[in-house]
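To start, the structure itself, in structure tokens.
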Amino acid sequence: MAYGKSLKAVDETLKKFCADMSDNDRQQFVYCFFPFIYGIYPYTVVTDKQKIAMEQAEVGYVFYSIYELSYTCAKKLINA
């Protein structure tokens with residue numbers, strides 16, 4: 001539940017202070033930032049039990065491969 005709340009808090013912060021970001025831009029930011037902070041593995045390997053728990057907590061999990069997460073993050077860091 002805390003994880004879902006932290007995702008929503010970051011999204012709401014981006015909406016407020018970076019109003020020009022699209023929904024897709026915010027989603028890319030979240031899935032670049034959180035794996036950078038917590039490590040990429042938990043974002044690419046999710047058990048059925050974890051999926052059910054995230055659905056119940058209304059997290060809105062999006063599956064990305066290690067390549068997709070790494071590529072998006074590296075691309076953003078290089079273009080920054």
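How things are named: the first chain in the structure tokens is A, the next is B, and so on; residues count from 1 in each chain; ligands count from 1 in the order shown.
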Hey, what's within 10 Å of Met1 (chain A) if we count only C-alpha atoms and toss same-chain stuff fewer than 3 positions away? As a PDB file with all heavy atoms, in the first residue's frame, please?
```
ATOM      1  N   GLY A   4       2.275   1.944  -3.521  1.00  0.00           N
ATOM      2  CA  GLY A   4       1.285   2.565  -4.401  1.00  0.00           C
ATOM      3  C   GLY A   4       1.091   4.036  -4.073  1.00  0.00           C
ATOM      4  O   GLY A   4       0.983   4.875  -4.970  1.00  0.00           O
ATOM      5  N   LYS A   5       1.074   4.354  -2.783  1.00  0.00           N
ATOM      6  CA  LYS A   5       0.919   5.749  -2.368  1.00  0.00           C
ATOM      7  C   LYS A   5       2.124   6.582  -2.792  1.00  0.00           C
ATOM      8  O   LYS A   5       1.967   7.745  -3.177  1.00  0.00           O
ATOM      9  CB  LYS A   5       0.712   5.839  -0.860  1.00  0.00           C
ATOM     10  CG  LYS A   5      -0.647   5.374  -0.414  1.00  0.00           C
ATOM     11  CD  LYS A   5      -0.813   5.505   1.092  1.00  0.00           C
ATOM     12  CE  LYS A   5      -2.188   5.038   1.521  1.00  0.00           C
ATOM     13  NZ  LYS A   5      -2.379   5.140   2.974  1.00  0.00           N
ATOM     14  N   SER A   6       3.311   5.999  -2.738  1.00  0.00           N
ATOM     15  CA  SER A   6       4.504   6.756  -3.153  1.00  0.00           C
ATOM     16  C   SER A   6       4.488   7.008  -4.658  1.00  0.00           C
ATOM     17  O   SER A   6       4.865   8.084  -5.114  1.00  0.00           O
ATOM     18  CB  SER A   6       5.790   6.050  -2.716  1.00  0.00           C
ATOM     19  OG  SER A   6       5.959   4.813  -3.374  1.00  0.00           O
ATOM     20  N   ALA A  53      -1.679  -8.491  -5.111  1.00  0.00           N
ATOM     21  CA  ALA A  53      -1.556  -7.487  -4.048  1.00  0.00           C
ATOM     22  C   ALA A  53      -1.539  -6.075  -4.627  1.00  0.00           C
ATOM     23  O   ALA A  53      -2.167  -5.162  -4.071  1.00  0.00           O
ATOM     24  CB  ALA A  53      -0.286  -7.745  -3.235  1.00  0.00           C
ATOM     25  N   MET A  54      -0.852  -5.881  -5.759  1.00  0.00           N
ATOM     26  CA  MET A  54      -0.801  -4.554  -6.371  1.00  0.00           C
ATOM     27  C   MET A  54      -2.154  -4.151  -6.940  1.00  0.00           C
ATOM     28  O   MET A  54      -2.531  -2.981  -6.877  1.00  0.00           O
ATOM     29  CB  MET A  54       0.291  -4.497  -7.437  1.00  0.00           C
ATOM     30  CG  MET A  54       1.691  -4.453  -6.841  1.00  0.00           C
ATOM     31  SD  MET A  54       2.978  -4.129  -8.043  1.00  0.00           S
ATOM     32  CE  MET A  54       3.177  -5.742  -8.756  1.00  0.00           C
ATOM     33  N   GLN A  56      -5.033  -5.106  -5.691  1.00  0.00           N
ATOM     34  CA  GLN A  56      -5.849  -4.778  -4.526  1.00  0.00           C
ATOM     35  C   GLN A  56      -5.485  -3.407  -3.959  1.00  0.00           C
ATOM     36  O   GLN A  56      -6.328  -2.693  -3.446  1.00  0.00           O
ATOM     37  CB  GLN A  56      -5.700  -5.853  -3.453  1.00  0.00           C
ATOM     38  CG  GLN A  56      -6.338  -7.168  -3.841  1.00  0.00           C
ATOM     39  CD  GLN A  56      -6.060  -8.285  -2.850  1.00  0.00           C
ATOM     40  OE1 GLN A  56      -5.192  -8.174  -1.982  1.00  0.00           O
ATOM     41  NE2 GLN A  56      -6.796  -9.370  -2.979  1.00  0.00           N
ATOM     42  N   ALA A  57      -4.192  -3.046  -4.058  1.00  0.00           N
ATOM     43  CA  ALA A  57      -3.737  -1.744  -3.558  1.00  0.00           C
ATOM     44  C   ALA A  57      -3.905  -0.645  -4.604  1.00  0.00           C
ATOM     45  O   ALA A  57      -3.544   0.502  -4.365  1.00  0.00           O
ATOM     46  CB  ALA A  57      -2.265  -1.840  -3.136  1.00  0.00           C
ATOM     47  N   GLU A  58      -4.449  -1.005  -5.774  1.00  0.00           N
ATOM     48  CA  GLU A  58      -4.681  -0.068  -6.871  1.00  0.00           C
ATOM     49  C   GLU A  58      -3.407   0.663  -7.290  1.00  0.00           C
ATOM     50  O   GLU A  58      -3.390   1.867  -7.500  1.00  0.00           O
ATOM     51  CB  GLU A  58      -5.772   0.929  -6.496  1.00  0.00           C
ATOM     52  CG  GLU A  58      -7.104   0.275  -6.217  1.00  0.00           C
ATOM     53  CD  GLU A  58      -8.180   1.252  -5.786  1.00  0.00           C
ATOM     54  OE1 GLU A  58      -7.905   2.457  -5.689  1.00  0.00           O
ATOM     55  OE2 GLU A  58      -9.305   0.785  -5.537  1.00  0.00           O
ATOM     56  N   VAL A  59      -2.314  -0.122  -7.418  1.00  0.00           N
ATOM     57  CA  VAL A  59      -1.023   0.446  -7.806  1.00  0.00           C
ATOM     58  C   VAL A  59      -0.966   0.734  -9.293  1.00  0.00           C
ATOM     59  O   VAL A  59      -0.369   1.709  -9.723  1.00  0.00           O
ATOM     60  CB  VAL A  59       0.146  -0.493  -7.388  1.00  0.00           C
ATOM     61  CG1 VAL A  59       1.457  -0.035  -7.981  1.00  0.00           C
ATOM     62  CG2 VAL A  59       0.229  -0.566  -5.879  1.00  0.00           C
TER      63      VAL A  59
END
```
- May I have the residues within 12 Å of region 68-72 of chain A as a PyMOL selection string, using only C-alpha atoms and disregarding those fewer than 5 positions away in the same chain? chain A and resi 25+27-36+39-44+62-63+77-79
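Going from CA of Asp20 (chain A) over to CA of Ala2 (chain A), you cover 26.9 Å.
Straight-line separation from CA of Gln50 (chain A) to CA of Ile37 (chain A): 19.7 Å.
CA of Leu7 (chain A) lies 15.6 Å from CA of Lys51 (chain A).
Of the residues under consideration (A:Arg26, A:Val45, A:Ile66, A:Lys76), A:Arg26 shows the shortest atom-to-atom contact distance to Thr13 (chain A) when counting only C-alpha atoms.
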